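J.: Contents of start-v6.cif (mmCIF, C-alpha atoms):
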```cif
data_structure
loop_
_atom_site.label_atom_id
_atom_site.label_comp_id
_atom_site.auth_asym_id
_atom_site.auth_seq_id
_atom_site.Cartn_x
_atom_site.Cartn_y
_atom_site.Cartn_z
CA MET A 602 7.35 -19.19 1.14
CA ILE A 603 9.55 -21.13 -1.16
CA HIS A 604 9.66 -22.33 -4.71
CA SER A 605 12.52 -23.89 -6.56
CA ASP A 606 13.92 -24.00 -10.03
CA LEU A 607 16.40 -26.80 -9.49
CA THR A 608 17.48 -27.71 -12.98
CA VAL A 609 19.56 -30.59 -11.68
CA SER A 610 19.27 -32.45 -8.41
CA GLN A 611 22.60 -31.35 -6.89
CA ARG A 612 22.62 -27.62 -7.68
CA GLY A 613 19.97 -25.07 -8.51
CA LEU A 614 18.16 -21.89 -7.59
CA LEU A 615 15.56 -21.35 -4.90
CA LEU A 616 13.19 -18.42 -4.89
CA VAL A 617 12.09 -17.65 -1.34
CA ASN A 618 9.14 -15.35 -0.67
CA HIS A 619 9.13 -12.96 2.30
CA GLU A 620 5.47 -12.45 3.14
CA TYR A 621 5.47 -10.01 6.05
CA THR A 622 7.60 -8.69 8.89
CA ASN A 623 7.24 -8.38 12.65
CA PRO A 624 8.23 -4.88 13.86
CA LEU A 625 9.62 -6.33 17.07
CA PHE A 626 12.28 -8.22 15.10
CA VAL A 627 12.70 -6.03 11.99
CA GLU A 628 11.50 -2.40 11.90
CA GLY A 629 11.87 -1.58 15.58
CA PRO A 630 9.35 0.14 17.89
CA ILE A 631 6.60 2.01 16.04
CA VAL A 632 5.75 5.36 17.61
CA GLY A 633 2.66 6.68 15.86
CA SER A 634 3.34 6.22 12.15
CA TYR A 635 6.30 4.60 10.43
CA THR A 636 9.38 6.76 9.88
CA ALA A 637 10.93 6.99 6.41
CA LYS A 638 13.72 4.64 7.54
CA GLN A 639 11.21 2.13 8.92
CA ILE A 640 9.26 2.20 5.66
CA GLU A 641 12.47 1.46 3.74
CA THR A 642 13.26 -1.40 6.13
CA LEU A 643 9.70 -2.74 5.87
CA LEU A 644 9.77 -2.76 2.07
CA TYR A 645 13.27 -4.18 1.74
CA ASN A 646 12.49 -7.11 4.02
CA GLN A 647 9.48 -8.20 1.99
CA GLY A 648 9.49 -9.44 -1.59
CA LEU A 649 11.71 -12.22 -2.88
CA SER A 650 15.17 -13.68 -2.43
CA ILE A 651 16.91 -15.75 -5.08
CA ILE A 652 19.63 -18.01 -3.72
CA GLU A 653 21.74 -20.75 -5.21
CA VAL A 654 22.01 -24.03 -3.34
CA TYR A 655 24.13 -27.11 -3.89
CA GLN A 656 24.65 -30.50 -2.32
CA ASP A 657 28.18 -31.02 -1.05
CA PRO A 658 29.48 -34.11 -2.88
CA LYS A 659 31.33 -35.33 0.22
CA THR A 660 28.95 -34.65 3.10
CA LYS A 661 25.72 -34.67 1.02
CA THR A 662 24.70 -31.60 3.04
CA TRP A 663 22.82 -28.85 1.25
CA LYS A 664 24.49 -25.44 1.42
CA MET A 665 23.92 -21.94 0.11
CA ASP A 666 26.45 -20.73 -2.45
CA THR A 667 27.44 -17.38 -0.96
CA GLU A 668 29.42 -16.49 -4.11
CA SER A 669 26.55 -17.17 -6.51
CA LYS A 670 26.27 -14.83 -9.49
CA TYR A 671 22.49 -15.24 -9.33
CA ALA A 672 21.91 -14.30 -5.69
CA ARG A 673 19.83 -11.16 -5.21
CA ARG A 674 16.85 -9.53 -3.56
CA ILE A 675 13.77 -8.32 -5.44
CA SER A 676 12.00 -6.27 -2.81
CA GLY A 677 9.37 -3.64 -2.22
CA LEU A 678 11.91 -1.11 -3.48
CA ALA A 679 12.42 -2.65 -6.94
CA THR A 680 10.83 -1.50 -10.20
CA PHE A 681 8.17 -3.61 -11.93
CA GLN A 682 6.55 -3.26 -15.34
CA LEU A 683 2.79 -3.68 -15.65
CA THR A 684 1.45 -5.82 -18.50
CA GLY A 685 -2.02 -6.57 -19.80
CA ALA A 686 -5.25 -4.63 -20.10
CA ALA A 687 -4.86 -2.57 -16.91
CA LYS A 688 -1.43 -1.17 -17.84
CA GLY A 689 -1.47 2.63 -18.08
CA THR A 690 -5.21 2.91 -17.42
CA SER A 691 -7.11 5.01 -14.92
CA ALA A 692 -7.89 1.80 -13.00
CA VAL A 693 -4.24 1.80 -11.84
CA ASN A 694 -4.00 5.60 -11.87
CA GLY A 695 -2.13 5.66 -15.16
CA ALA A 696 0.82 3.53 -14.06
CA THR A 697 2.89 1.58 -16.56
CA GLN A 698 5.49 0.67 -13.95
CA VAL A 699 5.18 0.43 -10.18
CA GLN A 700 7.34 0.23 -7.10
CA GLY A 701 8.14 -3.13 -5.64
CA THR A 702 6.44 -6.31 -4.60
CA PHE A 703 5.42 -7.37 -1.10
CA ALA A 704 3.04 -9.64 0.81
CA ASN A 705 4.40 -12.42 -1.41
CA CYS A 706 2.82 -15.67 -0.35
CA SER A 707 3.38 -18.62 -2.65
CA GLY A 708 3.92 -18.84 -6.40
CA GLY A 709 4.86 -21.30 -9.09
CA ALA A 710 7.19 -22.05 -11.96
CA THR A 711 6.40 -21.28 -15.59
CA LEU A 712 6.87 -23.61 -18.55
CA TRP A 713 9.65 -21.30 -19.79
CA ASN A 714 11.84 -21.42 -16.67
CA THR A 715 10.84 -18.20 -14.96
CA VAL A 716 9.13 -17.90 -11.58
CA LEU A 717 5.75 -16.53 -10.55
CA SER A 718 5.18 -15.00 -7.12
CA CYS A 719 1.82 -13.97 -5.72
CA GLU A 720 0.94 -10.81 -3.80
CA GLU A 721 -1.57 -11.80 -1.15
CA ASN A 722 -2.50 -9.56 1.81
CA TRP A 723 -0.95 -6.36 0.49
CA GLU A 724 -3.19 -3.76 2.15
CA SER A 725 -1.30 -3.35 5.43
CA THR A 726 2.12 -2.76 3.90
CA ALA A 727 0.77 -0.48 1.18
CA ASP A 728 -1.01 1.59 3.81
CA LYS A 729 2.06 1.88 6.05
CA ALA A 730 4.25 2.87 3.12
CA GLY A 731 1.70 5.24 1.57
CA LEU A 732 1.63 3.35 -1.74
CA ASP A 733 -1.15 3.02 -4.32
CA THR A 734 -3.08 -0.14 -3.45
CA THR A 735 -4.09 -0.76 -7.08
CA HIS A 736 -0.43 -1.53 -7.81
CA TYR A 737 -0.52 -4.63 -5.58
CA GLY A 738 -2.46 -7.88 -5.47
CA TRP A 739 -1.05 -9.11 -8.77
CA VAL A 740 0.92 -12.10 -10.03
CA VAL A 741 4.61 -11.20 -10.38
CA GLU A 742 6.98 -12.83 -12.88
CA VAL A 743 10.79 -12.71 -12.58
CA ASP A 744 13.65 -14.47 -14.32
CA PRO A 745 15.95 -15.78 -11.58
CA PHE A 746 18.77 -16.28 -14.10
CA ASP A 747 18.81 -12.62 -15.24
CA LYS A 748 20.45 -10.91 -12.28
CA GLU A 749 20.65 -7.45 -13.83
CA ASP A 750 17.16 -7.60 -15.39
CA GLN A 751 18.80 -6.87 -18.74
CA TYR A 752 16.73 -9.23 -20.87
CA PHE A 753 13.65 -9.92 -18.78
CA LYS A 754 12.22 -7.07 -16.71
CA PRO A 755 10.32 -8.02 -13.53
CA ARG A 756 6.63 -7.65 -14.32
CA LYS A 757 3.13 -7.85 -12.91
CA HIS A 758 0.52 -9.52 -15.12
CA THR A 759 -2.78 -7.66 -14.80
CA ALA A 760 -4.56 -10.13 -17.11
CA LEU A 761 -4.44 -12.68 -14.26
CA GLY A 762 -6.56 -10.40 -12.07
CA ARG A 763 -6.03 -8.51 -8.84
CA PHE A 764 -7.06 -10.31 -5.66
CA HIS A 765 -5.42 -12.04 -2.69
CA HIS A 766 -3.40 -14.49 -4.78
CA GLU A 767 -2.05 -17.45 -2.83
CA ASN A 768 -0.21 -19.24 -5.63
CA CYS A 769 -0.24 -20.03 -9.34
CA ALA A 770 -0.33 -23.46 -10.98
CA MET A 771 0.44 -23.49 -14.69
CA GLY A 772 -0.45 -26.14 -17.27
CA LEU A 773 -1.47 -26.52 -20.90
CA SER A 774 -4.85 -27.08 -22.50
CA LYS A 775 -5.15 -29.84 -25.08
CA ASP A 776 -4.71 -27.24 -27.82
CA ARG A 777 -1.57 -25.89 -26.02
CA ARG A 778 -2.94 -22.67 -24.59
CA VAL A 779 -1.43 -21.70 -21.24
CA VAL A 780 -3.76 -22.18 -18.26
CA VAL A 781 -3.04 -20.66 -14.84
CA TYR A 782 -5.05 -21.55 -11.70
CA SER A 783 -5.10 -19.39 -8.57
CA GLY A 784 -6.98 -19.06 -5.32
CA ASP A 785 -8.07 -15.90 -3.51
CA ASP A 786 -7.12 -16.25 0.15
CA LYS A 787 -10.11 -14.61 1.76
CA ALA A 788 -13.25 -15.96 3.36
CA GLY A 789 -16.04 -15.84 0.81
CA ALA A 790 -13.66 -15.60 -2.16
CA CYS A 791 -13.49 -17.51 -5.43
CA VAL A 792 -11.29 -19.88 -7.43
CA TYR A 793 -9.91 -18.56 -10.73
CA LYS A 794 -8.22 -19.71 -13.87
CA TYR A 795 -6.72 -17.82 -16.78
CA ILE A 796 -6.56 -19.14 -20.35
CA SER A 797 -4.22 -17.48 -22.81
CA LYS A 798 -5.39 -16.39 -26.23
CA GLY A 799 -2.24 -17.63 -27.96
CA LYS A 800 -0.58 -21.04 -27.82
CA TYR A 801 2.60 -22.12 -26.09
CA ASN A 802 5.65 -22.61 -28.30
CA GLU A 803 8.58 -24.16 -26.45
CA ALA A 804 11.06 -22.84 -29.03
CA LYS A 805 10.17 -19.24 -28.10
CA GLY A 806 11.51 -19.64 -24.57
CA LYS A 807 10.84 -16.66 -22.33
CA GLU A 808 8.95 -14.85 -25.08
CA ASN A 809 6.08 -17.10 -24.04
CA SER A 810 5.63 -14.71 -21.12
CA LYS A 811 3.54 -12.60 -23.50
CA LEU A 812 0.89 -15.34 -23.27
CA LEU A 813 0.16 -14.01 -19.77
CA GLU A 814 -0.70 -10.59 -21.19
CA ASP A 815 -3.61 -11.50 -23.46
CA GLY A 816 -6.25 -14.02 -22.45
CA THR A 817 -9.42 -14.53 -20.43
CA LEU A 818 -9.79 -14.72 -16.67
CA TYR A 819 -12.51 -17.07 -15.35
CA ALA A 820 -14.03 -17.71 -11.92
CA ALA A 821 -15.57 -21.00 -10.81
CA ASP A 822 -19.33 -21.46 -10.46
CA MET A 823 -19.23 -24.67 -8.43
CA GLU A 824 -23.02 -25.06 -8.24
CA ASN A 825 -23.32 -25.34 -12.01
CA GLY A 826 -19.85 -26.65 -12.80
CA LYS A 827 -18.99 -23.74 -15.08
CA TRP A 828 -16.09 -21.33 -15.53
CA LEU A 829 -17.50 -17.81 -15.84
CA ALA A 830 -15.59 -15.38 -18.05
CA LEU A 831 -14.71 -12.09 -16.36
CA THR A 832 -15.19 -9.97 -19.48
CA LEU A 833 -16.44 -6.39 -19.53
CA ASP A 834 -19.52 -7.34 -21.55
CA ASN A 835 -20.50 -10.09 -19.11
CA VAL A 836 -19.95 -7.90 -16.06
CA ARG A 837 -21.89 -4.94 -17.44
CA GLU A 838 -24.74 -7.23 -18.48
CA ALA A 839 -24.91 -8.57 -14.92
CA ALA A 840 -24.82 -5.00 -13.55
CA LYS A 841 -27.26 -3.45 -15.99
CA GLU A 842 -29.83 -2.54 -13.31
CA ASP A 843 -27.24 -0.96 -10.99
CA ASN A 844 -25.86 2.45 -12.01
CA GLU A 845 -23.24 2.41 -9.27
CA LEU A 846 -21.78 -0.83 -10.59
CA LEU A 847 -22.01 0.33 -14.20
CA ASN A 848 -19.94 3.36 -13.21
CA LYS A 849 -17.42 1.12 -11.45
CA PHE A 850 -17.00 -1.29 -14.36
CA LYS A 851 -16.44 0.85 -17.43
CA THR A 852 -13.39 -0.94 -18.87
CA GLN A 853 -11.78 -4.36 -18.84
CA ALA A 854 -9.10 -2.82 -16.62
CA ASP A 855 -11.80 -2.05 -14.03
CA VAL A 856 -12.86 -5.71 -14.12
CA LEU A 857 -9.30 -6.95 -13.57
CA VAL A 858 -8.54 -4.50 -10.76
CA ASN A 859 -11.79 -5.44 -8.99
CA ALA A 860 -11.79 -9.11 -9.93
CA HIS A 861 -13.45 -10.40 -6.74
CA GLU A 862 -16.44 -8.08 -7.03
CA ALA A 863 -16.78 -8.91 -10.73
CA ALA A 864 -16.68 -12.65 -10.02
CA ILE A 865 -19.34 -12.48 -7.32
CA LEU A 866 -21.51 -10.29 -9.55
CA LEU A 867 -21.36 -12.95 -12.30
CA GLY A 868 -22.40 -15.71 -9.92
CA ALA A 869 -19.07 -17.32 -9.05
CA THR A 870 -19.06 -19.38 -5.86
CA PRO A 871 -17.76 -17.77 -2.65
CA THR A 872 -15.71 -20.37 -0.80
CA ASP A 873 -13.76 -20.89 2.42
CA ARG A 874 -10.41 -19.19 1.78
CA PRO A 875 -9.15 -20.96 -1.35
CA GLU A 876 -5.40 -20.91 -0.97
CA ASP A 877 -3.01 -23.18 -2.86
CA VAL A 878 -4.13 -24.75 -6.15
CA GLU A 879 -2.13 -27.54 -7.82
CA ILE A 880 -2.52 -29.73 -10.90
CA SER A 881 -2.21 -33.49 -10.42
CA PRO A 882 0.63 -35.01 -12.46
CA ILE A 883 -1.43 -38.20 -12.75
CA ASP A 884 -4.73 -37.10 -14.29
CA ASN A 885 -4.76 -33.29 -14.61
CA SER A 886 -7.36 -32.96 -11.85
CA ILE A 887 -7.14 -29.74 -9.83
CA PHE A 888 -6.64 -29.77 -6.06
CA ILE A 889 -7.60 -26.70 -4.03
CA ALA A 890 -6.85 -26.11 -0.36
CA HIS A 891 -9.71 -24.25 1.33
CA THR A 892 -8.07 -23.31 4.61
CA ASN A 893 -11.16 -22.53 6.72
CA ASN A 894 -14.02 -20.12 7.31
CA ALA A 895 -14.95 -19.76 10.97
CA SER A 896 -17.92 -17.51 10.16
CA LYS A 897 -19.52 -20.45 8.33
CA GLY A 898 -18.59 -23.02 10.95
CA ASN A 899 -15.85 -24.53 8.76
CA PHE A 900 -13.04 -24.26 11.31
CA HIS A 901 -10.76 -26.92 9.84
CA GLY A 902 -11.07 -26.47 6.09
CA HIS A 903 -11.00 -29.03 3.32
CA ILE A 904 -9.37 -29.92 0.01
CA THR A 905 -11.55 -29.98 -3.10
CA ARG A 906 -10.74 -31.70 -6.39
CA PHE A 907 -11.94 -30.34 -9.72
CA PHE A 908 -12.26 -32.60 -12.76
CA GLU A 909 -12.16 -30.56 -15.97
CA LYS A 910 -14.36 -31.92 -18.76
CA ASP A 911 -12.46 -34.56 -20.77
CA GLY A 912 -9.40 -33.87 -18.63
CA ASP A 913 -8.76 -30.69 -20.62
CA LEU A 914 -7.44 -27.73 -18.61
CA GLY A 915 -8.95 -25.45 -21.25
CA ALA A 916 -12.48 -26.77 -20.68
CA LEU A 917 -15.21 -24.44 -19.42
CA ASN A 918 -17.14 -27.14 -17.54
CA PHE A 919 -16.09 -29.26 -14.56
CA THR A 920 -17.29 -31.47 -11.74
CA TYR A 921 -15.80 -31.59 -8.26
CA GLU A 922 -15.56 -33.59 -5.05
CA ILE A 923 -14.46 -32.95 -1.47
CA PHE A 924 -11.22 -34.91 -1.53
CA ALA A 925 -10.31 -34.57 2.15
CA ALA A 926 -11.80 -32.69 5.09
CA GLY A 927 -9.90 -31.21 8.00
CA GLY A 928 -10.84 -32.22 11.53
CA THR A 929 -9.94 -34.67 14.24
CA GLN A 930 -11.11 -37.54 12.02
CA SER A 931 -8.32 -36.75 9.52
CA GLY A 932 -5.73 -35.34 11.92
CA PHE A 933 -5.11 -32.07 10.09
CA SER A 934 -6.65 -28.62 10.21
CA ALA A 935 -6.40 -25.59 7.91
CA PRO A 936 -4.66 -26.96 4.78
CA ASP A 937 -2.57 -24.36 2.96
CA ASN A 938 0.28 -24.99 0.48
CA LEU A 939 0.18 -28.13 -1.67
CA ASP A 940 2.68 -30.11 -3.73
CA PHE A 941 2.75 -33.46 -5.53
CA ASP A 942 5.37 -36.15 -5.81
CA ARG A 943 5.70 -38.22 -8.98
CA HIS A 944 3.45 -40.96 -7.56
CA GLY A 945 0.59 -38.48 -7.26
CA ASN A 946 0.74 -38.25 -3.47
CA LEU A 947 -0.50 -34.86 -2.28
CA TRP A 948 1.66 -33.08 0.29
CA THR A 949 0.04 -30.35 2.34
CA VAL A 950 1.15 -28.02 5.10
CA THR A 951 -1.28 -26.43 7.55
CA ASP A 952 -1.91 -22.84 8.60
CA ILE A 953 -3.74 -22.64 11.89
CA SER A 954 -3.33 -18.97 12.85
CA THR A 955 -0.74 -18.41 15.55
CA SER A 956 -3.28 -16.89 17.93
CA SER A 957 -5.41 -20.07 17.69
CA LEU A 958 -2.72 -22.74 17.97
CA ASN A 959 -3.33 -25.24 20.78
CA LYS A 960 -6.55 -23.50 21.80
CA GLY A 961 -10.23 -24.41 21.64
CA THR A 962 -11.22 -26.47 18.62
CA TYR A 963 -7.58 -26.39 17.39
CA GLU A 964 -6.07 -27.87 20.58
CA PRO A 965 -5.97 -31.50 19.30
CA PHE A 966 -3.77 -30.54 16.32
CA LYS A 967 -0.92 -29.01 18.34
CA ASN A 968 1.60 -27.10 16.20
CA ASN A 969 1.16 -26.64 12.46
CA GLY A 970 2.44 -29.59 10.46
CA MET A 971 2.97 -31.31 7.14
CA PHE A 972 0.92 -34.24 5.86
CA VAL A 973 1.03 -36.58 2.88
CA ILE A 974 -2.27 -37.77 1.38
CA PRO A 975 -2.36 -40.49 -1.30
CA THR A 976 -4.67 -39.64 -4.20
CA THR A 977 -5.01 -43.24 -5.42
CA GLY A 978 -5.05 -46.75 -3.93
CA LYS A 979 -6.41 -48.10 -0.68
CA ASP A 980 -5.23 -45.09 1.36
CA LYS A 981 -6.72 -42.50 -0.99
CA GLY A 982 -7.74 -39.39 0.94
CA GLN A 983 -6.15 -40.54 4.20
CA ALA A 984 -3.72 -38.05 5.77
CA PHE A 985 -0.44 -39.19 7.33
CA GLN A 986 1.56 -36.65 9.34
CA PHE A 987 5.13 -36.22 8.12
CA ALA A 988 6.42 -33.28 10.15
CA SER A 989 5.52 -30.88 12.95
CA GLY A 990 6.59 -27.25 12.95
CA PRO A 991 8.40 -25.30 15.68
CA VAL A 992 6.49 -23.20 18.21
CA GLU A 993 4.28 -20.50 16.67
CA SER A 994 5.41 -21.26 13.12
CA GLU A 995 3.86 -22.22 9.82
CA LEU A 996 5.46 -24.71 7.44
CA THR A 997 5.27 -23.41 3.88
CA GLY A 998 6.21 -23.92 0.24
CA PRO A 999 7.17 -27.63 0.01
CA TRP A 1000 9.17 -28.34 -3.15
CA PHE A 1001 11.00 -31.50 -4.23
CA THR A 1002 14.24 -31.69 -6.18
CA PRO A 1003 13.74 -33.31 -9.62
CA ASN A 1004 15.00 -36.68 -8.35
CA GLU A 1005 12.71 -36.33 -5.30
CA LYS A 1006 15.48 -37.30 -2.90
CA THR A 1007 15.31 -33.93 -1.11
CA LEU A 1008 12.35 -31.87 0.02
CA PHE A 1009 12.88 -28.15 0.61
CA LEU A 1010 10.53 -26.68 3.20
CA ALA A 1011 10.28 -23.18 4.67
CA VAL A 1012 9.58 -22.47 8.34
CA GLN A 1013 7.79 -19.14 8.60
CA HIS A 1014 7.55 -16.77 11.61
CA PRO A 1015 8.64 -19.07 14.50
CA GLY A 1016 8.03 -17.41 17.86
CA GLU A 1017 5.61 -14.95 16.28
CA GLN A 1018 3.83 -14.16 19.56
CA THR A 1019 6.98 -12.88 21.25
CA LYS A 1020 6.30 -9.63 23.12
CA ASN A 1021 9.74 -9.02 24.59
CA LEU A 1022 13.08 -9.61 22.83
CA ASN A 1023 14.54 -10.67 26.15
CA ASN A 1024 11.96 -13.42 26.51
CA PRO A 1025 11.24 -14.95 23.07
CA THR A 1026 8.64 -17.71 22.86
CA SER A 1027 10.95 -19.59 20.47
CA MET A 1028 14.62 -19.47 19.51
CA TRP A 1029 14.29 -21.78 16.50
CA PRO A 1030 16.54 -22.66 14.63
CA HIS A 1031 18.76 -22.34 17.74
CA ARG A 1032 21.87 -21.11 15.96
CA LYS A 1033 24.85 -20.12 18.06
CA GLY A 1034 24.94 -16.37 18.53
CA ASP A 1035 21.35 -15.73 17.47
CA THR A 1036 19.31 -13.45 19.72
CA MET A 1037 15.90 -14.08 18.11
CA PRO A 1038 13.99 -16.77 16.20
CA ARG A 1039 14.43 -16.72 12.42
CA PRO A 1040 12.37 -17.91 9.47
CA SER A 1041 14.43 -20.53 7.67
CA VAL A 1042 14.56 -23.04 4.86
CA VAL A 1043 15.29 -26.67 5.65
CA ALA A 1044 16.31 -29.51 3.34
CA ILE A 1045 14.88 -32.92 4.25
CA LYS A 1046 16.75 -35.88 2.75
CA GLY A 1047 16.30 -39.61 2.72
CA PHE A 1048 13.36 -40.19 0.37
#
```
As structure tokens, please, write out the structure in this file.
T.:
Amino acid sequence: MIHSDLTVSQRGLLLVNHEYTNPLFVEGPIVGSYTAKQIETLLYNQGLSIIEVYQDPKTKTWKMDTESKYARRISGLATFQLTGAAKGTSAVNGATQVQGTFANCSGGATLWNTVLSCEENWESTADKAGLDTTHYGWVVEVDPFDKEDQYFKPRKHTALGRFHHENCAMGLSKDRRVVVYSGDDKAGACVYKYISKGKYNEAKGKENSKLLEDGTLYAADMENGKWLALTLDNVREAAKEDNELLNKFKTQADVLVNAHEAAILLGATPTDRPEDVEISPIDNSIFIAHTNNASKGNFHGHITRFFEKDGDLGALNFTYEIFAAGGTQSGFSAPDNLDFDRHGNLWTVTDISTSSLNKGTYEPFKNNGMFVIPTTGKDKGQAFQFASGPVESELTGPWFTPNEKTLFLAVQHPGEQTKNLNNPTSMWPHRKGDTMPRPSVVAIKGF
């Protein structure tokens, strides 16, 4: 998926996530277990790419700068520092630094011009590569402008919790503490937010990253409209009659590494795959895409909207509404990534699983698509389709340039159901000389 740090509207950097690979196209045939070479290929082809893009002043076409001094890969082979309470503890088997990042889904930009990327469904890759699973499922921070990692080492922030992070949305409380929202993309999982202990100081620049090392992680209790603090004291109090749980949660590091279990133990609300979370630029309300939960009969998902008390992102009480529901009545199913334009319109892309596209209850929706939903006015909550994806693909990571004249959009895993390289189900983007479909980034102009 894709996020951008376009500092001007004609040239800037894009960070593109590489979530997972298809052995047919990347690693090659798997005979038994992965070979050492296949593991290296698997890990290199996940993670992040940083590219520089510019708009040609003559043709107005967006191009990649192939000579960029910033261009690089940050893959499953890179070195990351751990920060926060879990660093160096037995909960992560003593690690202070770990190998690589992978299963990167979405992310977000920080207030200090670095980028966050989220490790989502990490288990499969970690298992294939024989890596310690406690080292994955974190929020990653990188500085796209520091190519050699001389001044800002890539890091994983354990204070933000370990779970199936979809994305991160950062804002400020009224007293200028940093607040980070995130969803846990799993059926029956919770919505989280982190509040820093210290306050944001713009003059400190990237030193503000330390605010993501010391703070409190909360999970949402939607029944009572409360944010529940995932502290060791609270978790052990809730587990006081259960010796097995008391043995599991001995330190704050244990709470962070097992954030989902801690949240459920405290009474946080299990929901229907909370994926992308975004903060409205209009009123600071929080929009959450719950993709679906077939086991509960919620096949098409919905988008909820949290209203923090007094509009303060640092509040510990909230109310909420179902802003829009997926289904034939709305025209969309399985909302995933979200973005806002400056008018407060909510843009969402959908993620009907490839195996379900155009089948059964999903047949009316055809391919995955992109929709725009006004959040105010007479059309509030009404979805209008903007784009349709190629065969067997998922549209991901919408991001506008600052002047909002261009929308960058990633097309993930087209032709994913291909069984034979000689008979691909898609050849998108249909480039001359290509022998297989390819995930790509498109630039949509004309706004």
J.: As an MDAnalysis selection string, please: the residues near stretch 680-693 of chain A (cut-off 10 Å, all atoms listed in the file, same-chain neighbours under 4 positions excluded).
T.: chainID A and resid 675:676 697:702 733:737 739 741:743 754:762 811:816 849:859
J.: Write out as a compact mmCIF listing (two decimals) with C-alpha atoms, in the coordinates of the input the residues lying within 12 Å of A:Ser1027, counting all atoms listed in the file and excluding same-chain residues fewer than 6 positions away.
T.:
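The resulting out23.txt:
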```txt
# COMPACT_ATOMS: atom_id res chain seq x y z
CA GLY A 990 6.59 -27.25 12.95
CA PRO A 991 8.40 -25.30 15.68
CA VAL A 992 6.49 -23.20 18.21
CA GLU A 993 4.28 -20.50 16.67
CA SER A 994 5.41 -21.26 13.12
CA HIS A 1014 7.55 -16.77 11.61
CA PRO A 1015 8.64 -19.07 14.50
CA GLY A 1016 8.03 -17.41 17.86
CA GLU A 1017 5.61 -14.95 16.28
CA GLN A 1018 3.83 -14.16 19.56
CA THR A 1019 6.98 -12.88 21.25
CA LYS A 1020 6.30 -9.63 23.12
CA ASN A 1021 9.74 -9.02 24.59
CA ASP A 1035 21.35 -15.73 17.47
CA THR A 1036 19.31 -13.45 19.72
CA MET A 1037 15.90 -14.08 18.11
CA PRO A 1038 13.99 -16.77 16.20
CA ARG A 1039 14.43 -16.72 12.42
CA PRO A 1040 12.37 -17.91 9.47
```
J.: What residues come out when you apply the PyMOL selection byres ((chain A and resi 972-984) around 12) to this file, written as a PyMOL selection string?
T.: chain A and resi 881-884+886-888+903-906+922-951+969-971+985-990+996-997+999
J.: Carefully work through the PyMOL selection byres ((chain A and resi 1004) around 12) for this structure and note down the residues it includes, as a list in words.
T.: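 With the PyMOL selection byres ((chain A and resi 1004) around 12) on this model, the match is Leu607, Thr608, Val609, Ser610, Gln611, Arg612, Asp942, Arg943, Trp1000, Phe1001, Thr1002, Pro1003, Glu1005, Lys1006, Thr1007, Leu1008, Lys1046, Gly1047 and Phe1048 of chain A.
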J.: Could you list, as a list of chain:residue names, every residue within 10 Å of A:Ile651, counting all atoms listed in the file and ignoring same-chain residues fewer than 3 positions away?
T.: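 Non-adjacent residues within range: A:Ile603, A:His604, A:Ser605, A:Leu614, A:Leu615, A:Leu616, A:Val617, A:Asn618, A:Val654, A:Ser669, A:Tyr671, A:Ala672, A:Arg673, A:Arg674, A:Ile675, A:Asp744, A:Pro745, A:Phe746, A:Lys748.
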J.: Quote the spacing between atom CA of A:Gly629 and atom CA of A:Thr955 in Å to one decimal place.
T.: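 So the answer is 21.0 Å.
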J.: For the point (-6.1, -26.9, -22.6) in the file's frame, write as number ranges by chain all residues with an atom no more than 10 Å away, counting all atoms listed in the file.
T.: A: 772-780, 796-797, 800, 909, 912-917
J.: Evaluate the PyMOL selection byres ((chain A and resi 870) around 6) on the structure here and hand back the selected residues as a list of chain:residue names.
T.: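 So the PyMOL selection byres ((chain A and resi 870) around 6) ends up selecting A:Cys791, A:Asp822, A:Met823, A:Ala869, A:Pro871.
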J.: Work out how far atom CA of A:Lys794 is from atom CA of A:Ala840, in Å to one decimal.
T.: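 Here the two named atoms are 22.2 Å from each other.
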J.: Could you please give me, as JSON, numbers by chain, the residues of protein, DNA or RNA lying at most 8 Å from (22.1, -31.7, 1.8) in the coordinate frame of the file, considering only C-alpha atoms?
T.: {"A": [655, 656, 657, 660, 661, 662, 663, 664, 1007, 1044, 1045, 1046]}
J.: Find the distance between atom CA of A:Asp952 and atom CA of A:His861 and write it in Å to one decimal.
T.: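 Those two atoms sit 22.9 Å apart.
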J.: Name the residues in contact with stretch 638-644 of chain A at a cut-off of 8 Å, using only C-alpha atoms, excluding same-chain residues fewer than 2 positions from it; report them as JSON, numbers by chain.
T.: {"A": [622, 627, 628, 629, 635, 636, 646, 647, 648, 676, 677, 678, 701, 703, 726, 729, 730]}
J.: Compare A:Arg837, A:Lys787, A:His766, A:Lys659 by their minimum atom-to-atom distance to A:Thr872, counting only C-alpha atoms, and give me the closest one.
T.: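 Going through A:Arg837, A:Lys787, A:His766, A:Lys659 one by one, the smallest distance to A:Thr872 is for A:Lys787.
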J.: Using all atoms listed in the file, determine which residues lie at most 7 Å from A:Leu866, disregarding the query and same-chain residues fewer than 3 positions distant; provide the list as a ChimeraX atom specification.
T.: /A:839,862-863
J.: Can you sort out the box for stretch 690-694 of chain A, edges along x, y and z, all listed atoms in, 6 Å on every side, with centre and edge lengths in Å to one decimal, as lines of an AutoDock Vina configuration file?
T.:
```
center_x = -5.9
center_y = 3.7
center_z = -14.6
size_x = 15.9
size_y = 15.8
size_z = 17.6
```
J.: Using all atoms listed in the file, can you tell me which of A:Ser725, A:Lys827, A:Leu712, A:Asp873 comes closest to A:Tyr801?
T.: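 Distance minimum relative to A:Tyr801 lands on A:Leu712.
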J.: Select, from A:Ala679, A:Ala890, A:Ser707, A:Phe626, the residue with the minimum atom-to-atom distance to A:Tyr645, counting all atoms listed in the file.
T.: A:Ala679
